[in-house]
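Visitor: Just dropping this structure here.
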Protein chains: 2
Amino acid sequence: MTAQPAADADVFPRFAVTGRDPGSRARTGRLETAHGSLDTPAFIFCGTKAAIKGATPAQMRTLGTQIILSNTYHLMIQPGESVIRSLGGLHRFTGWDGPMLTDSGGFQVFSMGHGSIADEIKGRRNQGAKNQASGQAQGAKRQPTLLSVSEDGARFRSYLNGATLFLSPERSIEIQQALGADLIVQFDECTAFHDTRDYTARSMEMSLRWGDRCIAAHDRRGGLSDQGHAQGLYATIQGGVYEDLRRACCDYTAQQPFFGTAVGGCLGADKAQMYEVVGYCMPHVHLDRPVHLLGIGGFSDIFEGVAMGIDTFDCVTPTRVARHGWALVKGYPGERMNLRNAEHRTADMPIDETCPCETCRTFSRGYLHHLVRTGEPLAIILLTAHNVATMNRLMAEIRTAVPAGGLEAARRDWIGPVP
Amino acid sequence: MTAQPAADADVFPRFAVTGRDPGSRARTGRLETAHGSLDTPAFIFCGTKAAIKGATPAQMRTLGTQIILSNTYHLMIQPGESVIRSLGGLHRFTGWDGPMLTDSGGFQVFSMGHGSIADEIKGRRNQGAKNQASGQAQGAKRQPTLLSVSEDGARFRSYLNGATLFLSPERSIEIQQALGADLIVQFDECTAFHDTRDYTARSMEMSLRWGDRCIAAHDRRGGLSDQGHAQGLYATIQGGVYEDLRRACCDYTAQQPFFGTAVGGCLGADKAQMYEVVGYCMPHVHLDRPVHLLGIGGFSDIFEGVAMGIDTFDCVTPTRVARHGWALVKGYPGERMNLRNAEHRTADMPIDETCPCETCRTFSRGYLHHLVRTGEPLAIILLTAHNVATMNRLMAEIRTAVPAGGLEAARRDWIGPVP
């Protein structure tokens with residue numbers, strides 16, 4: 001296989017703020033890892049199962065991508081972390097030689113455990129199985145897979161074959177060390193909108209203890225992956241929609257030797273509440289550490305997050321909507337264009353006249369409409385490339401705007417007319 | 001949209017033989033079109049619905065591709081030739097600025113018309129609906145779509161919405177002029193293995209008359225596409241498995257002013273008979289014209305065809321098998337490797353150590369196995385790239401071998417141990 005640029009074992013992840021917006025908490029920064037550095041604010045693309053769905057690593061690099069993530073939960077199930085370890089870790093396995101992040105597995109264990117990810121994220125009330133551990137779906141769309149949660153960890157069923165699996169702080173770190181991403185995340189319980197304040201509080205406190213166990217597991221190996229390069233460990237901020245719980249979680253984790261801070265868990269029932277909950281956290285996170293907002297990535301969400309001081313974002317949206325025929329478009333109402341619509345059938349213009357990506361330089365909306373309508377795999381490739389290029393352009397323009405005080409102007413350019 | 005290299009309206013397709021194998025009918029040649037030239041023997045990749053399933057035009061070019069085809073039958077139904085004409089023709093629509101070929105639509109009309117393409121190609125006896133025009137499937141897997149065949153043309157149902165459609169020699173040429181490929185093919189009736197000798201003979205004679213009508217339709221427009229560049233028209237050789245019918249068809253079409261010759265129709269029940277039937281044709285085709293073998297493209301088929309004097313081949317296999325997890329491999333038993341097999345799970349080597357493609361330079365069999373098993377779209381992209389590169393490498397090595405008398409040695413390299 002190709003020789004990867006040798007990871008520099010001496011480089012422990014480092015983060016430095018490089019610029020600030022005079023009018024908000026927004027900042028620019030530089031995050032260095034053993035596999036190269038990234039400029040923040042940055043968007044992290046989701047290669048859930050160790051692959052971007054629709055682009056090669058070389059294409060991702062050409063499209064301006066700085067960093068990719070993969071999901072511990074999916075990879076521990078298939079192909080299993082031992083396979084990836086034996087094939088040299090995630091960087092060598094995937095051919096992506098730049099910075100990588102893995103999450104802890106917690107989000108999927110708990111959100112899929114409740115029977116439906118979407119319901120949990122959107123905060124719709126459903127009868128979660130968490131405290132029942134009955135294994136029976138109650139009005140949820142999927143069979144719940146969470147079997148039990150205790151101080152020790154979480155027991156759940158594999159979505160692939162029903163086998164009983166277990167994740168704990170120590171096991172999550174062990175898997176993430178085998179995978180070998182540059183940035184890793186502590187194991188936490190991800191509470192849902194329907195959870196009571198009391199449950200959310202007790203859960204958050206357990207997640208703090210789990211964070212301490214993750215630090216200990218990380219330290220026992222000198223902070224190194226199985227491939228021998230340094231990994232930076234992020235704390236996860238829980239506490240649901242409760243301001244005092246969010247603050248307590250930020251205050252505690254800021255005192256522990258984490259590398260970064262990841263804002264996670266239930267962010268509320270709608271966008272307004274999401275911004276409010278992120279706002280509870282940001283005055284209390286450790287300001288010298290990079291702050292990641294887990295699973296959020298619409299244009300408007302990113303502008304709100306950046307203004308509050310978020311450094312990195314991730315979301316499946318850019319690549320997922322590409323597979324369904326949508327293009328993310330700067331300044332377009334609703335942020336995205338549905339190429340399936342009949343209006344594009346004979347349209348000779350590109351998706352976005354201002355976009356420098358190969359898709360926009362080469363192909364008409366009419367052609368893309370044809371590809372989407374006929375279900376051609378090329379539609380996925382071309383729309384994924386455009387959406388990745390667009391997210392990277394968004395972040396580059398934000399990085400330019402922040403220190404120049406131009407964040408509001410950039411927001412108006414990108415979001416388009418407010419409805 | 002991107003400015004395409006301007007097609008040279010003065011360049012009518014030209015073909016010249018550039019080298020010969022001392023020990024067979026094999027030859028090398030150069031085929032020039034308004035959109036550039038190709039060296040033969042060459043493989044033509046199938047972009048059935050105006051797209052290669054799994055690679056962009058730029059990637060195809062990087063992988064060494066010289067020429068691509070699209071199918072008249074599929075495009076007349078979706079999006080319709082008027083849409084493609086209004087978006088500048090196939091070259092501009094697809095972004096592929098090199099040589100292109102379209103077929104006549106005949107193969108699909110008649111093979112899908114009988115209820116199953118596969119059965120027809122493989123020569124399995126089934127109760128074709130052709131002479132019944134009842135519209136009812138009789139033991140076939142698909143609903144037959146052919147409604148009637150007469151001297152005028154063929155009436156059939158759209159596979160998309162059941163609408164009644166009609167193709168005749170004039171209509172096929174009209175559509176191919178709107179699409180604007182550089183090389184186009186006469187409309188013909190494609191007979192099946194189960195057809196009687198008598199039916200096959202009468203059908204072949206009708207196809208000769210259809211060929212004359214195609215020439216007339218082509219001439220009426222000065223041999224130009226709707227975009228104004230020259231198109232070269234291929235005769236199709238029919239006659240089933242009957243030597244005298246094949247010879248009569250070759251003799252007649254060689255006297256007509258076609259640009260090239262395409263060997264088509266039922267080539268028999270197995271590979272041995274296919275080679276025999278192609279062998280009936282090759283001593284009688286016009287030797288100054290390029291000869292295309294329709295829909296055939298395994299490694300061993302290509303070596304057999306080249307040795308008999310075939311200049312170009314097309315087949316969906318390289319891109320189709322990629323979508324099902326197979327890699328074409330030089331010298332591998334059976335010509336292809338199934339990446340889904342468990343033996344590849346932790347294999348650190350590439351598909352083919354000798355292959356210079358990006359897939360082989362970057363990714364292990366173990367990673368590709370994981371992508372195939374998890375159904376990641378990236379598997380299609382990486383295996384399509386490898387298979388396209390491999391077909392182009394095969395043809396390049398054949399072009400080097402032919403004038404050097406090395407065709408047999410190249411065949412042994414590529415086919416591997418004979419079972």
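Residue names in the structure tokens use chain letters A, B, ... in the order shown, residue numbers from 1 in each chain, and ligand numbers from 1 in the order shown.
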Should the cut-off be 8 Å, what would the residue list for chain B against chain A look like, counting only C-alpha atoms, as a PyMOL selection string?

Guide: chain B and resi 1-2+49+51-56+78-79+83+86-87+93-95+345-350+360-364+366-367+370-371+374+376-378+381-382

Visitor: Include N, CA and C atoms and write out the residues we just selected as a compact mmCIF listing (two decimals), in the first residue's frame.

Guide:
```txt
# COMPACT_ATOMS: atom_id res chain seq x y z
N MET B 1 -21.48 26.76 -18.51
CA MET B 1 -20.83 25.45 -18.54
C MET B 1 -19.44 25.59 -19.15
N THR B 2 -18.66 24.58 -18.97
CA THR B 2 -17.32 24.58 -19.54
C THR B 2 -17.37 24.65 -21.05
N LYS B 49 -27.19 5.37 -19.81
CA LYS B 49 -28.12 6.50 -19.70
C LYS B 49 -27.34 7.82 -19.65
N ALA B 51 -24.28 8.33 -18.72
CA ALA B 51 -23.40 8.45 -17.55
C ALA B 51 -22.72 7.10 -17.32
N ILE B 52 -21.43 7.12 -17.03
CA ILE B 52 -20.77 5.92 -16.54
C ILE B 52 -21.22 5.75 -15.09
N LYS B 53 -21.68 4.55 -14.77
CA LYS B 53 -22.20 4.33 -13.42
C LYS B 53 -21.04 4.20 -12.43
N GLY B 54 -20.57 5.32 -11.90
CA GLY B 54 -19.51 5.22 -10.90
C GLY B 54 -18.24 5.98 -11.21
N ALA B 55 -18.23 6.78 -12.28
CA ALA B 55 -17.02 7.56 -12.58
C ALA B 55 -17.41 8.82 -13.35
N THR B 56 -16.73 9.92 -13.07
CA THR B 56 -16.96 11.17 -13.80
C THR B 56 -16.19 11.12 -15.12
N GLN B 78 -35.81 8.34 -21.65
CA GLN B 78 -35.49 9.21 -20.51
C GLN B 78 -34.09 9.75 -20.68
N PRO B 79 -33.87 11.03 -20.84
CA PRO B 79 -34.84 12.12 -20.70
C PRO B 79 -35.56 12.46 -22.01
N VAL B 83 -34.55 16.78 -24.99
CA VAL B 83 -33.89 17.41 -23.84
C VAL B 83 -32.38 17.46 -24.07
N SER B 86 -31.54 19.99 -26.65
CA SER B 86 -31.64 21.37 -26.15
C SER B 86 -30.51 21.72 -25.19
N LEU B 87 -29.88 20.69 -24.61
CA LEU B 87 -28.74 20.95 -23.71
C LEU B 87 -27.42 20.71 -24.43
N PHE B 93 -23.86 17.59 -22.74
CA PHE B 93 -24.74 17.11 -21.67
C PHE B 93 -23.94 16.32 -20.63
N THR B 94 -23.10 15.39 -21.10
CA THR B 94 -22.39 14.51 -20.18
C THR B 94 -21.05 15.05 -19.72
N GLY B 95 -20.52 16.09 -20.41
CA GLY B 95 -19.20 16.59 -20.04
C GLY B 95 -18.06 15.72 -20.57
N ARG B 345 -10.76 -10.49 4.17
CA ARG B 345 -11.14 -9.67 5.32
C ARG B 345 -9.97 -8.90 5.93
N THR B 346 -8.86 -9.54 6.10
CA THR B 346 -7.70 -8.85 6.70
C THR B 346 -6.51 -8.82 5.74
N ALA B 347 -6.80 -8.91 4.44
CA ALA B 347 -5.71 -8.94 3.44
C ALA B 347 -5.17 -7.54 3.21
N ASP B 348 -3.88 -7.41 3.40
CA ASP B 348 -3.25 -6.09 3.35
C ASP B 348 -2.79 -5.72 1.93
N MET B 349 -2.79 -6.67 1.01
CA MET B 349 -2.28 -6.37 -0.34
C MET B 349 -3.38 -5.75 -1.20
N PRO B 350 -2.96 -5.05 -2.27
CA PRO B 350 -3.96 -4.48 -3.18
C PRO B 350 -4.61 -5.58 -4.03
N CYS B 360 -5.47 0.51 -6.57
CA CYS B 360 -4.44 -0.46 -6.19
C CYS B 360 -3.26 0.21 -5.50
N ARG B 361 -3.00 1.47 -5.80
CA ARG B 361 -1.90 2.16 -5.13
C ARG B 361 -2.27 2.56 -3.70
N THR B 362 -3.57 2.63 -3.39
CA THR B 362 -3.99 3.22 -2.12
C THR B 362 -4.67 2.25 -1.17
N PHE B 363 -5.44 1.30 -1.67
CA PHE B 363 -6.34 0.55 -0.79
C PHE B 363 -6.05 -0.95 -0.78
N SER B 364 -6.23 -1.54 0.40
CA SER B 364 -6.02 -2.98 0.57
C SER B 364 -7.29 -3.74 0.17
N GLY B 366 -8.54 -5.83 2.08
CA GLY B 366 -9.31 -5.83 3.32
C GLY B 366 -10.25 -4.64 3.41
N TYR B 367 -9.77 -3.47 3.02
CA TYR B 367 -10.62 -2.28 3.05
C TYR B 367 -11.74 -2.40 2.02
N HIS B 370 -14.39 -4.65 3.22
CA HIS B 370 -15.25 -3.94 4.18
C HIS B 370 -16.27 -3.06 3.45
N LEU B 371 -15.81 -2.31 2.44
CA LEU B 371 -16.73 -1.41 1.72
C LEU B 371 -17.82 -2.20 0.99
N THR B 374 -20.32 -3.65 3.58
CA THR B 374 -21.20 -2.66 4.22
C THR B 374 -22.03 -1.90 3.18
N GLU B 376 -21.07 0.33 1.01
CA GLU B 376 -20.68 1.74 0.87
C GLU B 376 -20.60 2.12 -0.61
N PRO B 377 -21.16 3.28 -0.99
CA PRO B 377 -21.03 3.73 -2.38
C PRO B 377 -19.58 3.84 -2.84
N LEU B 378 -18.66 4.07 -1.91
CA LEU B 378 -17.26 4.19 -2.29
C LEU B 378 -16.73 2.90 -2.92
N ILE B 381 -17.21 3.24 -6.58
CA ILE B 381 -16.26 4.19 -7.17
C ILE B 381 -14.89 3.55 -7.33
N LEU B 382 -14.40 2.90 -6.26
CA LEU B 382 -13.03 2.36 -6.30
C LEU B 382 -12.93 1.16 -7.23
```

Visitor: Output as an NGL selection string all residues of stretch 3-192 of chain A that backbone DSSP marks as strand (DSSP E or B).

Guide: :A and (14-20 or 27-33 or 36-40 or 42-46 or 68-70 or 100-102 or 146-149 or 154-157 or 164-167 or 183-185)

Visitor: How would the residues just picked look written out with C-alpha atoms as an mmCIF file, in the first residue's frame?

Guide:
```cif
data_model
loop_
_atom_site.group_PDB
_atom_site.id
_atom_site.type_symbol
_atom_site.label_atom_id
_atom_site.label_comp_id
_atom_site.auth_asym_id
_atom_site.auth_seq_id
_atom_site.Cartn_x
_atom_site.Cartn_y
_atom_site.Cartn_z
ATOM 1 C CA ARG A 14 -2.172 21.366 19.964
ATOM 2 C CA PHE A 15 -4.682 24.132 19.593
ATOM 3 C CA ALA A 16 -4.102 27.865 19.388
ATOM 4 C CA VAL A 17 -6.546 30.711 18.845
ATOM 5 C CA THR A 18 -5.297 32.818 15.938
ATOM 6 C CA GLY A 19 -7.959 35.503 15.576
ATOM 7 C CA ARG A 20 -11.129 36.913 17.110
ATOM 8 C CA ARG A 27 -12.654 32.968 16.828
ATOM 9 C CA THR A 28 -10.254 31.401 14.378
ATOM 10 C CA GLY A 29 -7.690 28.824 15.387
ATOM 11 C CA ARG A 30 -5.221 26.207 14.325
ATOM 12 C CA LEU A 31 -5.408 22.611 15.490
ATOM 13 C CA GLU A 32 -2.278 20.511 14.957
ATOM 14 C CA THR A 33 -2.210 16.716 15.025
ATOM 15 C CA GLY A 36 -1.370 17.452 9.893
ATOM 16 C CA SER A 37 -3.209 20.522 10.995
ATOM 17 C CA LEU A 38 -6.535 22.187 10.343
ATOM 18 C CA ASP A 39 -7.693 25.760 10.461
ATOM 19 C CA THR A 40 -10.824 26.487 12.468
ATOM 20 C CA ALA A 42 -13.785 23.797 10.386
ATOM 21 C CA PHE A 43 -16.358 21.282 9.232
ATOM 22 C CA ILE A 44 -15.712 17.588 9.907
ATOM 23 C CA PHE A 45 -17.174 15.272 7.259
ATOM 24 C CA CYS A 46 -18.737 12.007 8.366
ATOM 25 C CA ILE A 68 -12.901 13.462 8.538
ATOM 26 C CA LEU A 69 -14.580 11.468 11.303
ATOM 27 C CA SER A 70 -15.647 7.861 11.653
ATOM 28 C CA MET A 100 -9.315 12.260 11.863
ATOM 29 C CA LEU A 101 -11.769 12.140 14.740
ATOM 30 C CA THR A 102 -13.734 9.246 16.174
ATOM 31 C CA LEU A 146 -30.266 -0.875 24.423
ATOM 32 C CA LEU A 147 -30.401 -3.620 27.022
ATOM 33 C CA SER A 148 -29.125 -1.993 30.222
ATOM 34 C CA VAL A 149 -27.220 1.029 31.514
ATOM 35 C CA ALA A 154 -24.030 0.068 28.538
ATOM 36 C CA ARG A 155 -25.114 -3.288 27.180
ATOM 37 C CA PHE A 156 -26.814 -3.315 23.773
ATOM 38 C CA ARG A 157 -27.578 -5.449 20.779
ATOM 39 C CA THR A 164 -24.929 -8.612 22.848
ATOM 40 C CA LEU A 165 -22.247 -5.925 22.988
ATOM 41 C CA PHE A 166 -20.873 -3.779 25.777
ATOM 42 C CA LEU A 167 -19.395 -0.305 25.844
ATOM 43 C CA LEU A 183 -9.001 13.276 18.100
ATOM 44 C CA ILE A 184 -11.135 10.996 20.256
ATOM 45 C CA VAL A 185 -14.147 11.561 22.499
#
```

Visitor: Check stretch 37-87 of chain A with DSSP on the backbone and list each residue it calls helix (DSSP H, G or I), as an MDAnalysis selection string.

Guide: chainID A and resid 57:62 72:77 81:86

Visitor: Could you please take those selected residues and save C-alpha atoms as a tab-separated table (two decimals), in the first residue's frame?

Guide:
```
chain	number	residue	atom	x	y	z
A	57	PRO	CA	-9.84	10.43	0.07
A	58	ALA	CA	-7.98	12.03	-2.85
A	59	GLN	CA	-11.19	13.71	-4.00
A	60	MET	CA	-11.94	14.92	-0.47
A	61	ARG	CA	-8.48	16.49	-0.29
A	62	THR	CA	-8.90	18.13	-3.72
A	72	THR	CA	-16.79	3.97	16.84
A	73	TYR	CA	-20.19	2.33	17.22
A	74	HIS	CA	-20.42	1.27	13.56
A	75	LEU	CA	-16.80	0.19	13.26
A	76	MET	CA	-16.74	-1.91	16.45
A	77	ILE	CA	-19.62	-3.88	14.90
A	81	GLU	CA	-11.67	-2.70	15.57
A	82	SER	CA	-9.29	-5.68	15.48
A	83	VAL	CA	-9.55	-5.84	11.67
A	84	ILE	CA	-8.79	-2.13	11.38
A	85	ARG	CA	-5.93	-2.43	13.86
A	86	SER	CA	-4.46	-5.32	11.89
```

Visitor: Excluding A:Asn387 and any residue of its chain fewer than 5 positions from it, enumerate the residues within 9 Å of it, using only C-alpha atoms, and give them as a list in words.

Guide: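 The residues satisfying every condition are Pro318, Thr319, Val321, Ala322, Trp326, Ala327, Leu328, Val329, Leu382 and Asn392 of chain A.
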
Visitor: I'd like the contact shell of stretch 261-270 of chain A - 10 Å cut-off, only C-alpha atoms, skipping same-chain residues fewer than 3 positions apart - returned as a tab-separated table (two decimals) with N, CA and C atoms, in the first residue's frame.

Guide:
```tsv
chain	number	residue	atom	x	y	z
A	103	ASP	N	-15.85	9.37	17.34
A	103	ASP	CA	-16.69	9.64	18.50
A	103	ASP	C	-16.61	8.43	19.44
A	106	GLY	N	-21.21	6.49	22.19
A	106	GLY	CA	-22.32	6.73	23.10
A	106	GLY	C	-23.59	7.20	22.41
A	107	PHE	N	-23.44	8.14	21.50
A	107	PHE	CA	-24.64	8.70	20.86
A	107	PHE	C	-25.47	7.61	20.21
A	111	SER	N	-29.13	6.60	21.33
A	111	SER	CA	-30.21	7.06	20.45
A	111	SER	C	-30.82	5.90	19.69
A	120	GLU	N	-35.22	10.99	18.82
A	120	GLU	CA	-34.42	11.49	19.92
A	120	GLU	C	-33.81	12.84	19.60
A	121	ILE	N	-33.24	12.97	18.41
A	121	ILE	CA	-32.58	14.21	18.07
A	121	ILE	C	-33.58	15.34	18.04
A	122	LYS	N	-34.75	15.05	17.51
A	122	LYS	CA	-35.74	16.10	17.37
A	122	LYS	C	-36.52	16.34	18.66
A	123	GLY	N	-36.22	15.53	19.67
A	123	GLY	CA	-36.83	15.77	20.95
A	123	GLY	C	-38.30	15.39	21.02
A	124	ARG	N	-38.76	14.60	20.04
A	124	ARG	CA	-40.16	14.17	20.14
A	124	ARG	C	-40.30	13.19	21.29
A	125	ARG	N	-41.40	13.28	21.98
A	125	ARG	CA	-41.59	12.38	23.11
A	125	ARG	C	-41.90	10.98	22.59
A	185	VAL	N	-13.12	10.96	21.66
A	185	VAL	CA	-14.15	11.56	22.50
A	185	VAL	C	-14.47	10.62	23.65
A	186	GLN	N	-14.69	11.20	24.83
A	186	GLN	CA	-15.03	10.39	26.01
A	186	GLN	C	-16.38	9.71	25.82
A	188	ASP	N	-20.02	8.73	27.00
A	188	ASP	CA	-21.00	9.43	27.82
A	188	ASP	C	-22.36	8.82	27.58
A	189	GLU	N	-23.28	9.09	28.51
A	189	GLU	CA	-24.67	8.74	28.24
A	189	GLU	C	-25.33	9.93	27.59
A	190	CYS	N	-25.99	9.67	26.47
A	190	CYS	CA	-26.64	10.74	25.73
A	190	CYS	C	-28.12	10.73	26.10
A	191	THR	N	-28.54	11.70	26.90
A	191	THR	CA	-29.93	11.72	27.34
A	191	THR	C	-30.82	12.34	26.26
A	192	ALA	N	-32.11	12.11	26.43
A	192	ALA	CA	-33.07	12.51	25.40
A	192	ALA	C	-34.00	13.60	25.95
A	193	PHE	N	-34.72	14.22	25.03
A	193	PHE	CA	-35.60	15.32	25.37
A	193	PHE	C	-36.67	14.89	26.38
A	194	HIS	N	-37.11	13.64	26.27
A	194	HIS	CA	-38.20	13.22	27.15
A	194	HIS	C	-37.72	12.83	28.55
A	195	ASP	N	-36.40	12.79	28.75
A	195	ASP	CA	-35.91	12.42	30.08
A	195	ASP	C	-36.23	13.53	31.08
A	200	THR	N	-31.77	13.40	33.94
A	200	THR	CA	-30.72	14.08	33.19
A	200	THR	C	-29.57	14.49	34.12
A	204	MET	N	-25.87	13.02	33.82
A	204	MET	CA	-24.74	13.91	33.54
A	204	MET	C	-23.62	13.66	34.55
A	233	LEU	N	-8.03	13.91	23.65
A	233	LEU	CA	-9.31	13.43	24.18
A	233	LEU	C	-10.26	14.59	24.49
A	234	TYR	N	-11.45	14.52	23.95
A	234	TYR	CA	-12.47	15.54	24.19
A	234	TYR	C	-13.41	15.10	25.31
A	235	ALA	N	-13.74	16.03	26.20
A	235	ALA	CA	-14.85	15.86	27.14
A	235	ALA	C	-16.16	16.05	26.38
A	236	THR	N	-17.22	15.41	26.85
A	236	THR	CA	-18.53	15.68	26.27
A	236	THR	C	-19.39	16.42	27.29
A	237	ILE	N	-20.03	17.47	26.82
A	237	ILE	CA	-20.91	18.25	27.70
A	237	ILE	C	-22.34	17.74	27.57
A	238	GLN	N	-22.88	17.23	28.68
A	238	GLN	CA	-24.28	16.80	28.74
A	238	GLN	C	-25.05	17.77	29.64
A	239	GLY	N	-26.24	17.38	30.04
A	239	GLY	CA	-27.04	18.24	30.91
A	239	GLY	C	-28.36	18.67	30.29
A	240	GLY	N	-28.67	18.08	29.13
A	240	GLY	CA	-29.98	18.34	28.52
A	240	GLY	C	-30.23	19.81	28.28
A	241	VAL	N	-31.46	20.25	28.53
A	241	VAL	CA	-31.83	21.64	28.25
A	241	VAL	C	-31.75	22.50	29.51
A	242	TYR	N	-31.04	22.00	30.52
A	242	TYR	CA	-31.01	22.68	31.81
A	242	TYR	C	-29.73	23.48	31.98
A	246	ARG	N	-25.84	22.10	32.45
A	246	ARG	CA	-24.83	22.35	31.40
A	246	ARG	C	-23.61	23.07	32.01
A	250	CYS	N	-19.73	21.83	32.26
A	250	CYS	CA	-18.61	22.60	31.70
A	250	CYS	C	-17.57	22.91	32.76
A	253	THR	N	-15.57	19.58	33.72
A	253	THR	CA	-14.67	19.05	32.69
A	253	THR	C	-13.54	20.03	32.38
A	254	ALA	N	-13.80	21.33	32.56
A	254	ALA	CA	-12.74	22.32	32.30
A	254	ALA	C	-11.58	22.14	33.27
A	258	PHE	N	-8.61	17.31	29.83
A	258	PHE	CA	-9.04	16.99	28.47
A	258	PHE	C	-8.31	17.89	27.48
A	273	GLN	N	-34.17	26.57	20.65
A	273	GLN	CA	-33.73	26.01	21.91
A	273	GLN	C	-32.30	25.46	21.80
A	274	MET	N	-31.96	24.94	20.63
A	274	MET	CA	-30.59	24.45	20.43
A	274	MET	C	-29.59	25.58	20.65
A	275	TYR	N	-29.87	26.74	20.03
A	275	TYR	CA	-28.94	27.86	20.19
A	275	TYR	C	-28.88	28.29	21.66
A	276	GLU	N	-30.03	28.24	22.32
A	276	GLU	CA	-30.10	28.62	23.73
A	276	GLU	C	-29.23	27.68	24.57
A	277	VAL	N	-29.35	26.38	24.31
A	277	VAL	CA	-28.61	25.40	25.11
A	277	VAL	C	-27.11	25.53	24.85
A	278	VAL	N	-26.72	25.72	23.59
A	278	VAL	CA	-25.29	25.93	23.30
A	278	VAL	C	-24.82	27.21	24.02
A	281	CYS	N	-23.66	26.78	27.51
A	281	CYS	CA	-22.35	26.12	27.69
A	281	CYS	C	-21.17	27.06	27.45
A	282	MET	N	-21.27	27.86	26.38
A	282	MET	CA	-20.07	28.49	25.85
A	282	MET	C	-19.36	29.45	26.81
A	285	VAL	N	-17.03	26.83	29.00
A	285	VAL	CA	-16.05	25.85	28.51
A	285	VAL	C	-14.64	26.43	28.68
A	286	HIS	N	-13.65	25.53	28.65
A	286	HIS	CA	-12.25	25.96	28.77
A	286	HIS	C	-11.88	26.69	27.48
A	287	LEU	N	-11.49	27.95	27.58
A	287	LEU	CA	-11.34	28.77	26.38
A	287	LEU	C	-10.06	28.49	25.60
A	289	ARG	N	-9.17	25.49	24.86
A	289	ARG	CA	-9.36	24.19	24.19
A	289	ARG	C	-10.30	24.35	23.00
A	290	PRO	N	-10.11	23.51	21.96
A	290	PRO	CA	-11.06	23.54	20.85
A	290	PRO	C	-12.42	23.03	21.31
A	291	VAL	N	-13.46	23.65	20.76
A	291	VAL	CA	-14.82	23.26	21.13
A	291	VAL	C	-15.53	22.71	19.89
A	292	HIS	N	-16.04	21.49	20.02
A	292	HIS	CA	-16.75	20.84	18.91
A	292	HIS	C	-18.24	20.76	19.25
A	293	LEU	N	-19.09	21.04	18.25
A	293	LEU	CA	-20.53	20.89	18.41
A	293	LEU	C	-20.95	19.63	17.67
A	294	LEU	N	-21.42	18.64	18.41
A	294	LEU	CA	-21.63	17.30	17.84
A	294	LEU	C	-22.90	17.23	16.99
A	295	GLY	N	-22.73	16.84	15.71
A	295	GLY	CA	-23.88	16.46	14.89
A	295	GLY	C	-24.71	17.60	14.35
A	296	ILE	N	-24.16	18.80	14.28
A	296	ILE	CA	-24.91	19.97	13.82
A	296	ILE	C	-24.16	20.58	12.64
A	310	ILE	N	-17.94	28.23	18.78
A	310	ILE	CA	-17.68	26.84	18.37
A	310	ILE	C	-16.56	26.84	17.32
A	311	ASP	N	-15.65	25.84	17.44
A	311	ASP	CA	-14.52	25.76	16.52
A	311	ASP	C	-14.72	24.72	15.42
A	312	THR	N	-15.39	23.61	15.74
A	312	THR	CA	-15.60	22.56	14.73
A	312	THR	C	-17.02	22.02	14.82
A	313	PHE	N	-17.50	21.56	13.68
A	313	PHE	CA	-18.85	21.03	13.52
A	313	PHE	C	-18.75	19.71	12.76
```

Visitor: Which of these residues is nearest to A:Arg25, using only C-alpha atoms: A:Phe12, A:Tyr332, A:Phe303, A:Trp414?

Guide: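 Looking at the shortest contact to A:Arg25, the residue is A:Phe303.
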